[in-house]
Amino acid sequence: MEVTQLPAPPDVVRSAYAQLVVTDVPRARWFWVDMLGFHVQYEDDRALYLRGTDELTHHSLVLRAGDAPALDHLAYRVRTPEDVDRAEEYFTALGCPVRRVPAGAGTRGIGEAVRVVDPLGFPVEFFHAIDRAERLIQRYDLRRGAEVARMDHFNIVVPDIPAAYEHYRALGFGCSETIEGDEHELYAAWMFRKQTVHDVAFTSGAGPRMHHVGVFAPEAHQVLRTADIFGSLRAEHHIERGPGRHGVSNAFYLYLRDPDGHRVEIYTSDYYTGDPDHETYRWNVHDDRRRDFWGNAVIESWYKEATPVLDLDGRPQPVVSAALDESAVQVGADGLGIIPAPAAER
Ligand SMILES: O=C1C=CC(S(=O)(=O)O)=CC1(O)O
Ligand SMILES: [Ca+2]
Ligand SMILES: [Fe+2]
């Protein structure tokens with residue numbers, strides 16, 4: 001049987017922006033702008049275009065009004081305008097729904113783009129051109145709340161982790177870390193194009209659903225201060241998990257839920273992955289430091305709750321249940337499992 005050669009994939013530079021549907025724009029503005037410190041690049045009564053203090057392009061987060069919370073699309077920036085064409089050819093060859101979005105016809109600030117529903121069922125945009133924006137890196141007078149610096153990563157819920165891994169490997173993503181079972185079955189993976197731990201990560205569960213967007217704060221004290229601010233304002237119910245130190249990525253973290261239930265991670269202090277021979281670090285699913293280095297349990301909602309995603313016509317995508325359920329693995333940090341013997345006795 002003849003094996004058809006796929007065209008070259010687009011050269012993805014980084015995870016660039018997410019477009020979320022929110023049911024109350026002013027309430028979302030309070031959370032993402034006043035509390036997290038995103039800068040408003042443009043706003044009207046139907047949408048907010050936001051960016052972090054370090055970002056030099058139009059936005060890294062779009063919140064648009066809608067009837068129900070959802071992920072409208074994720075977006076990756078590609079290296080050249082020709083890579084937008086490559087994205088169209090590549091995903092067409094995969095048999096995915098593909099739609100060309102001419103400059104000005106799609107998201108404000110973005111030029112010519114291609115939107116697809118990828119093989120994992122996610123709405124994804126590939127673009128190159130994006131409007132430049134004023135440099136805010138040293139405008140300390142404008143910083144507030146979490147002082148969000150930039151979009152760092154997308155975490156997506158998928159029923160088939162190996163399939164997600166293969167799809168992103170084929171797009172040229174490296175793999176920085178994994179969580180694996182005793183027989184090396186894949187429970188989670190972190191994959192990158194920019195030279196840090198990840199642009200995208202996979203959490204096992206019914207999908208396609210969006211688990212969270214990860215936003216980078218300059219230092220751990222912003223992460224702690226964010227939790228304190230939510231506590232001070234009697235808004236502690238927005239805190240879902242953390243603050244803490246991750247095993248995977250070594251990042252310092254705090255997970256919050258916005259007024260629509262969208263999960264966001266305030267994330268800092270991960271590490272460089274840019275050498276060509278960078279090796280994947282593999283965690284065992286029974287290691288109770290993997291998700292929280294101090295062994296703190298992962299709250300059930302973190303594994304189970306996530307945001308629906310839309311197709312290219314704005315309809316919610318049906319979900320498929322997962323092959324593996326990490327939260328069902330009885331380990332110290334994720335359940336009532338046997339507390340492992342001290343390393344010396346193992
Ligand atoms: O960004 C991340 C880095 C690490 C982890 S984990 O909880 O340590 O697995 C989760 C995460 O994917 O949100
Ligand atoms: Ca809580
Ligand atoms: Fe994350």
# chains A, B, ... in the order shown; residues from 1 in each chain; ligands from 1
call {"tool": "closest_atom_pairs", "arguments": {"of": "chain A", "to": "ligand 2", "cutoff": "7 Å", "atoms": "only C-alpha atoms and all ligand atoms", "output": "JSON lines"}}
result
{"residue": "A:Glu236", "atom": "CA", "partner": "ligand 2", "partner_atom_place_in_ligand_line": "1 (Ca)", "distance": 6.0}
{"residue": "A:His237", "atom": "CA", "partner": "ligand 2", "partner_atom_place_in_ligand_line": "1 (Ca)", "distance": 4.6}
{"residue": "A:His238", "atom": "CA", "partner": "ligand 2", "partner_atom_place_in_ligand_line": "1 (Ca)", "distance": 6.2}
{"residue": "A:Ile239", "atom": "CA", "partner": "ligand 2", "partner_atom_place_in_ligand_line": "1 (Ca)", "distance": 4.5}
{"residue": "A:Glu240", "atom": "CA", "partner": "ligand 2", "partner_atom_place_in_ligand_line": "1 (Ca)", "distance": 4.6}
call {"tool": "write_last_selection", "arguments": {"atoms": "all heavy atoms", "output": "short mmCIF file (atom, residue, chain, number, x, y, z; two decimals), in the first residue's frame"}}
result
data_model
loop_
_atom_site.label_atom_id
_atom_site.label_comp_id
_atom_site.auth_asym_id
_atom_site.auth_seq_id
_atom_site.Cartn_x
_atom_site.Cartn_y
_atom_site.Cartn_z
N GLU A 236 -11.58 34.17 47.83
CA GLU A 236 -10.75 32.96 47.91
C GLU A 236 -11.38 31.78 47.20
O GLU A 236 -10.68 30.83 46.85
CB GLU A 236 -10.46 32.60 49.38
CG GLU A 236 -11.59 31.95 50.14
CD GLU A 236 -12.68 32.94 50.56
OE1 GLU A 236 -12.51 34.16 50.34
OE2 GLU A 236 -13.70 32.45 51.09
N HIS A 237 -12.69 31.87 46.91
CA HIS A 237 -13.33 30.75 46.20
C HIS A 237 -12.82 30.64 44.76
O HIS A 237 -13.04 29.64 44.09
CB HIS A 237 -14.85 30.92 46.22
CG HIS A 237 -15.31 32.24 45.68
ND1 HIS A 237 -15.26 33.41 46.44
CD2 HIS A 237 -15.78 32.60 44.47
CE1 HIS A 237 -15.68 34.42 45.71
NE2 HIS A 237 -16.02 33.96 44.51
N HIS A 238 -12.11 31.68 44.29
CA HIS A 238 -11.50 31.58 42.95
C HIS A 238 -10.20 30.77 42.96
O HIS A 238 -9.70 30.41 41.90
CB HIS A 238 -11.21 32.99 42.39
CG HIS A 238 -12.45 33.74 41.98
ND1 HIS A 238 -13.11 33.49 40.80
CD2 HIS A 238 -13.15 34.71 42.62
CE1 HIS A 238 -14.16 34.31 40.71
NE2 HIS A 238 -14.20 35.04 41.81
N ILE A 239 -9.67 30.52 44.17
CA ILE A 239 -8.43 29.73 44.26
C ILE A 239 -8.78 28.26 44.23
O ILE A 239 -9.57 27.79 45.07
CB ILE A 239 -7.66 30.06 45.55
CG1 ILE A 239 -7.21 31.53 45.57
CG2 ILE A 239 -6.44 29.14 45.69
CD1 ILE A 239 -6.59 31.97 46.88
N GLU A 240 -8.22 27.53 43.29
CA GLU A 240 -8.55 26.10 43.18
C GLU A 240 -7.42 25.23 43.73
O GLU A 240 -7.68 24.23 44.42
CB GLU A 240 -8.81 25.71 41.72
CG GLU A 240 -9.16 24.22 41.57
CD GLU A 240 -9.23 23.76 40.12
OE1 GLU A 240 -8.34 24.10 39.33
OE2 GLU A 240 -10.22 23.06 39.79
#
call {"tool": "residues_around", "arguments": {"residues": "Arg290 (chain A)", "least_positions_apart": "4", "cutoff": "7 Å", "atoms": "only C-alpha atoms", "output": "VMD selection string"}}
result
chain A and resid 246 to 248 283
call {"tool": "write_last_selection", "arguments": {"atoms": "N, CA, C and O atoms", "output": "JSON list (two decimals), in the first residue's frame"}}
result
[["chain", "number", "residue", "atom", "x", "y", "z"],
["A", 246, "HIS", "N", 5.63, 22.82, 41.59],
["A", 246, "HIS", "CA", 5.40, 21.64, 40.76],
["A", 246, "HIS", "C", 6.61, 20.70, 40.82],
["A", 246, "HIS", "O", 7.76, 21.16, 40.88],
["A", 247, "GLY", "N", 6.32, 19.39, 40.67],
["A", 247, "GLY", "CA", 7.41, 18.48, 40.34],
["A", 247, "GLY", "C", 7.75, 18.67, 38.86],
["A", 247, "GLY", "O", 8.80, 19.20, 38.50],
["A", 248, "VAL", "N", 6.75, 18.31, 38.03],
["A", 248, "VAL", "CA", 6.92, 18.54, 36.58],
["A", 248, "VAL", "C", 7.09, 20.05, 36.34],
["A", 248, "VAL", "O", 6.30, 20.85, 36.85],
["A", 283, "TRP", "N", 8.52, 11.17, 34.90],
["A", 283, "TRP", "CA", 8.02, 10.92, 36.25],
["A", 283, "TRP", "C", 7.18, 9.66, 36.26],
["A", 283, "TRP", "O", 6.43, 9.41, 35.30]]
call {"tool": "residues_around", "arguments": {"residues": "region 80-91 of chain A", "least_positions_apart": "2", "cutoff": "6 Å", "atoms": "only C-alpha atoms", "output": "list of chain:residue names"}}
result
A:Pro7, A:Pro9, A:Pro10, A:Val78, A:Ala93, A:Leu94, A:Cys96, A:Phe127, A:His128
call {"tool": "closest_atom_pairs", "arguments": {"of": "chain A", "to": "ligand 3", "cutoff": "7 Å", "atoms": "only C-alpha atoms and all ligand atoms", "output": "Markdown table"}}
result
| residue | atom | partner | partner_atom_place_in_ligand_line | distance |
| --- | --- | --- | --- | --- |
| A:His153 | CA | ligand 3 | 1 (Fe) | 6.6 |
| A:Phe154 | CA | ligand 3 | 1 (Fe) | 7.0 |
| A:Asn155 | CA | ligand 3 | 1 (Fe) | 5.9 |
| A:His212 | CA | ligand 3 | 1 (Fe) | 6.7 |
| A:Val213 | CA | ligand 3 | 1 (Fe) | 6.7 |
| A:Gly214 | CA | ligand 3 | 1 (Fe) | 4.9 |
| A:Glu265 | CA | ligand 3 | 1 (Fe) | 5.8 |
call {"tool": "write_last_selection", "arguments": {"atoms": "N, CA, C and O atoms", "output": "PDB file, in the first residue's frame"}}
result
ATOM      1  N   HIS A 153       1.568  28.920  28.213  1.00  0.00           N
ATOM      2  CA  HIS A 153       1.221  27.608  27.651  1.00  0.00           C
ATOM      3  C   HIS A 153      -0.281  27.348  27.686  1.00  0.00           C
ATOM      4  O   HIS A 153      -1.030  28.025  28.380  1.00  0.00           O
ATOM      5  N   PHE A 154      -0.649  26.339  26.885  1.00  0.00           N
ATOM      6  CA  PHE A 154      -2.023  25.829  26.885  1.00  0.00           C
ATOM      7  C   PHE A 154      -1.989  24.423  27.486  1.00  0.00           C
ATOM      8  O   PHE A 154      -1.079  23.633  27.169  1.00  0.00           O
ATOM      9  N   ASN A 155      -2.941  24.089  28.333  1.00  0.00           N
ATOM     10  CA  ASN A 155      -3.063  22.711  28.804  1.00  0.00           C
ATOM     11  C   ASN A 155      -4.419  22.204  28.311  1.00  0.00           C
ATOM     12  O   ASN A 155      -5.443  22.838  28.552  1.00  0.00           O
ATOM     13  N   HIS A 212      -6.480  24.494  30.999  1.00  0.00           N
ATOM     14  CA  HIS A 212      -6.162  25.850  31.470  1.00  0.00           C
ATOM     15  C   HIS A 212      -5.228  26.559  30.507  1.00  0.00           C
ATOM     16  O   HIS A 212      -4.611  25.939  29.648  1.00  0.00           O
ATOM     17  N   VAL A 213      -5.158  27.860  30.691  1.00  0.00           N
ATOM     18  CA  VAL A 213      -4.079  28.628  30.077  1.00  0.00           C
ATOM     19  C   VAL A 213      -3.084  28.925  31.200  1.00  0.00           C
ATOM     20  O   VAL A 213      -3.479  29.190  32.350  1.00  0.00           O
ATOM     21  N   GLY A 214      -1.800  28.819  30.884  1.00  0.00           N
ATOM     22  CA  GLY A 214      -0.758  29.119  31.866  1.00  0.00           C
ATOM     23  C   GLY A 214      -0.142  30.468  31.529  1.00  0.00           C
ATOM     24  O   GLY A 214       0.312  30.673  30.403  1.00  0.00           O
ATOM     25  N   GLU A 265      -3.533  29.259  35.230  1.00  0.00           N
ATOM     26  CA  GLU A 265      -2.411  28.988  36.129  1.00  0.00           C
ATOM     27  C   GLU A 265      -1.468  30.178  36.137  1.00  0.00           C
ATOM     28  O   GLU A 265      -1.047  30.636  35.041  1.00  0.00           O
TER      29      GLU A 265
END
call {"tool": "closest_residue", "arguments": {"among": "A:Cys175, A:Leu324, A:Ala146, A:Leu310", "to": "Val264 (chain A)", "atoms": "only C-alpha atoms"}}
result
A:Ala146
call {"tool": "residues_around", "arguments": {"residues": "Gly172 (chain A)", "least_positions_apart": "2", "cutoff": "8 Å", "atoms": "only C-alpha atoms", "output": "list in words"}}
result
Pro9, Asp11, Val12, Tyr168, Arg169, Ala170, Gly174 and Arg193 of chain A
call {"tool": "write_last_selection", "arguments": {"atoms": "all heavy atoms", "output": "mmCIF file, in the first residue's frame"}}
result
data_model
loop_
_atom_site.group_PDB
_atom_site.id
_atom_site.type_symbol
_atom_site.label_atom_id
_atom_site.label_comp_id
_atom_site.auth_asym_id
_atom_site.auth_seq_id
_atom_site.Cartn_x
_atom_site.Cartn_y
_atom_site.Cartn_z
ATOM 1 N N PRO A 9 5.037 20.373 7.862
ATOM 2 C CA PRO A 9 4.190 21.099 8.817
ATOM 3 C C PRO A 9 4.622 22.550 8.928
ATOM 4 O O PRO A 9 5.733 22.906 8.541
ATOM 5 C CB PRO A 9 4.436 20.358 10.135
ATOM 6 C CG PRO A 9 5.823 19.828 10.004
ATOM 7 C CD PRO A 9 5.999 19.481 8.541
ATOM 8 N N ASP A 11 6.084 25.896 10.719
ATOM 9 C CA ASP A 11 7.126 26.119 11.740
ATOM 10 C C ASP A 11 6.509 26.974 12.853
ATOM 11 O O ASP A 11 6.427 28.200 12.752
ATOM 12 C CB ASP A 11 8.317 26.846 11.093
ATOM 13 C CG ASP A 11 9.442 27.114 12.103
ATOM 14 O OD1 ASP A 11 9.227 26.925 13.324
ATOM 15 O OD2 ASP A 11 10.530 27.538 11.662
ATOM 16 N N VAL A 12 6.072 26.287 13.916
ATOM 17 C CA VAL A 12 5.426 26.976 15.037
ATOM 18 C C VAL A 12 6.489 27.630 15.915
ATOM 19 O O VAL A 12 7.484 26.991 16.277
ATOM 20 C CB VAL A 12 4.590 25.984 15.872
ATOM 21 C CG1 VAL A 12 4.084 26.642 17.161
ATOM 22 C CG2 VAL A 12 3.407 25.463 15.049
ATOM 23 N N TYR A 168 1.656 16.351 18.144
ATOM 24 C CA TYR A 168 2.530 17.507 18.378
ATOM 25 C C TYR A 168 3.998 17.186 18.047
ATOM 26 O O TYR A 168 4.760 18.063 17.639
ATOM 27 C CB TYR A 168 2.345 18.036 19.811
ATOM 28 C CG TYR A 168 1.171 18.991 19.892
ATOM 29 C CD1 TYR A 168 -0.104 18.555 20.235
ATOM 30 C CD2 TYR A 168 1.327 20.343 19.556
ATOM 31 C CE1 TYR A 168 -1.185 19.440 20.260
ATOM 32 C CE2 TYR A 168 0.257 21.228 19.571
ATOM 33 C CZ TYR A 168 -0.998 20.777 19.931
ATOM 34 O OH TYR A 168 -2.073 21.650 19.952
ATOM 35 N N ARG A 169 4.385 15.900 18.175
ATOM 36 C CA ARG A 169 5.741 15.525 17.706
ATOM 37 C C ARG A 169 5.847 15.776 16.207
ATOM 38 O O ARG A 169 6.829 16.311 15.705
ATOM 39 C CB ARG A 169 6.021 14.031 17.958
ATOM 40 C CG ARG A 169 6.432 13.627 19.336
ATOM 41 C CD ARG A 169 7.715 14.242 19.829
ATOM 42 N NE ARG A 169 8.916 13.846 19.099
ATOM 43 C CZ ARG A 169 9.959 14.653 18.917
ATOM 44 N NH1 ARG A 169 9.919 15.904 19.350
ATOM 45 N NH2 ARG A 169 11.028 14.242 18.294
ATOM 46 N N ALA A 170 4.777 15.410 15.476
ATOM 47 C CA ALA A 170 4.783 15.588 14.011
ATOM 48 C C ALA A 170 4.830 17.078 13.651
ATOM 49 O O ALA A 170 5.313 17.459 12.582
ATOM 50 C CB ALA A 170 3.549 14.945 13.402
ATOM 51 N N GLY A 174 9.178 19.517 20.867
ATOM 52 C CA GLY A 174 10.001 18.664 21.730
ATOM 53 C C GLY A 174 9.197 18.256 22.953
ATOM 54 O O GLY A 174 8.164 18.863 23.255
ATOM 55 N N ARG A 193 7.854 24.368 21.727
ATOM 56 C CA ARG A 193 8.563 24.946 20.570
ATOM 57 C C ARG A 193 9.457 26.071 21.071
ATOM 58 O O ARG A 193 10.614 26.146 20.719
ATOM 59 C CB ARG A 193 7.571 25.481 19.523
ATOM 60 C CG ARG A 193 6.918 24.396 18.706
ATOM 61 C CD ARG A 193 7.865 23.645 17.803
ATOM 62 N NE ARG A 193 8.372 24.446 16.688
ATOM 63 C CZ ARG A 193 9.278 23.990 15.821
ATOM 64 N NH1 ARG A 193 9.788 22.789 15.971
ATOM 65 N NH2 ARG A 193 9.681 24.745 14.819
#
call {"tool": "decode", "arguments": {"residues": "region 200-212 of chain A", "atoms": "N, CA and C atoms", "output": "PDB file, in the first residue's frame"}}
result
ATOM      1  N   VAL A 200       2.481  23.500  25.142  1.00  0.00           N
ATOM      2  CA  VAL A 200       1.232  22.751  25.268  1.00  0.00           C
ATOM      3  C   VAL A 200       1.486  21.553  26.172  1.00  0.00           C
ATOM      4  N   ALA A 201       0.479  21.185  26.960  1.00  0.00           N
ATOM      5  CA  ALA A 201       0.562  19.990  27.809  1.00  0.00           C
ATOM      6  C   ALA A 201      -0.778  19.282  27.751  1.00  0.00           C
ATOM      7  N   PHE A 202      -0.722  17.978  28.020  1.00  0.00           N
ATOM      8  CA  PHE A 202      -1.917  17.147  27.899  1.00  0.00           C
ATOM      9  C   PHE A 202      -2.279  16.569  29.255  1.00  0.00           C
ATOM     10  N   THR A 203      -3.546  16.772  29.650  1.00  0.00           N
ATOM     11  CA  THR A 203      -4.094  16.162  30.854  1.00  0.00           C
ATOM     12  C   THR A 203      -5.109  15.117  30.399  1.00  0.00           C
ATOM     13  N   SER A 204      -5.042  13.940  30.990  1.00  0.00           N
ATOM     14  CA  SER A 204      -5.898  12.845  30.532  1.00  0.00           C
ATOM     15  C   SER A 204      -7.327  13.038  31.046  1.00  0.00           C
ATOM     16  N   GLY A 205      -8.281  12.901  30.160  1.00  0.00           N
ATOM     17  CA  GLY A 205      -9.686  13.011  30.558  1.00  0.00           C
ATOM     18  C   GLY A 205     -10.570  13.088  29.326  1.00  0.00           C
ATOM     19  N   ALA A 206     -11.891  13.218  29.592  1.00  0.00           N
ATOM     20  CA  ALA A 206     -12.837  13.324  28.489  1.00  0.00           C
ATOM     21  C   ALA A 206     -12.498  14.600  27.695  1.00  0.00           C
ATOM     22  N   GLY A 207     -12.372  14.444  26.409  1.00  0.00           N
ATOM     23  CA  GLY A 207     -11.981  15.607  25.602  1.00  0.00           C
ATOM     24  C   GLY A 207     -12.502  15.469  24.180  1.00  0.00           C
ATOM     25  N   PRO A 208     -12.323  16.506  23.378  1.00  0.00           N
ATOM     26  CA  PRO A 208     -11.483  17.689  23.619  1.00  0.00           C
ATOM     27  C   PRO A 208     -12.129  18.700  24.569  1.00  0.00           C
ATOM     28  N   ARG A 209     -11.386  19.128  25.580  1.00  0.00           N
ATOM     29  CA  ARG A 209     -11.750  20.232  26.470  1.00  0.00           C
ATOM     30  C   ARG A 209     -10.474  21.006  26.794  1.00  0.00           C
ATOM     31  N   MET A 210     -10.637  22.303  27.159  1.00  0.00           N
ATOM     32  CA  MET A 210      -9.471  23.086  27.564  1.00  0.00           C
ATOM     33  C   MET A 210      -9.308  22.963  29.065  1.00  0.00           C
ATOM     34  N   HIS A 211      -8.080  22.589  29.526  1.00  0.00           N
ATOM     35  CA  HIS A 211      -7.848  22.462  30.976  1.00  0.00           C
ATOM     36  C   HIS A 211      -7.506  23.824  31.566  1.00  0.00           C
ATOM     37  N   HIS A 212      -6.480  24.494  30.999  1.00  0.00           N
ATOM     38  CA  HIS A 212      -6.162  25.850  31.470  1.00  0.00           C
ATOM     39  C   HIS A 212      -5.228  26.559  30.507  1.00  0.00           C
TER      40      HIS A 212
END
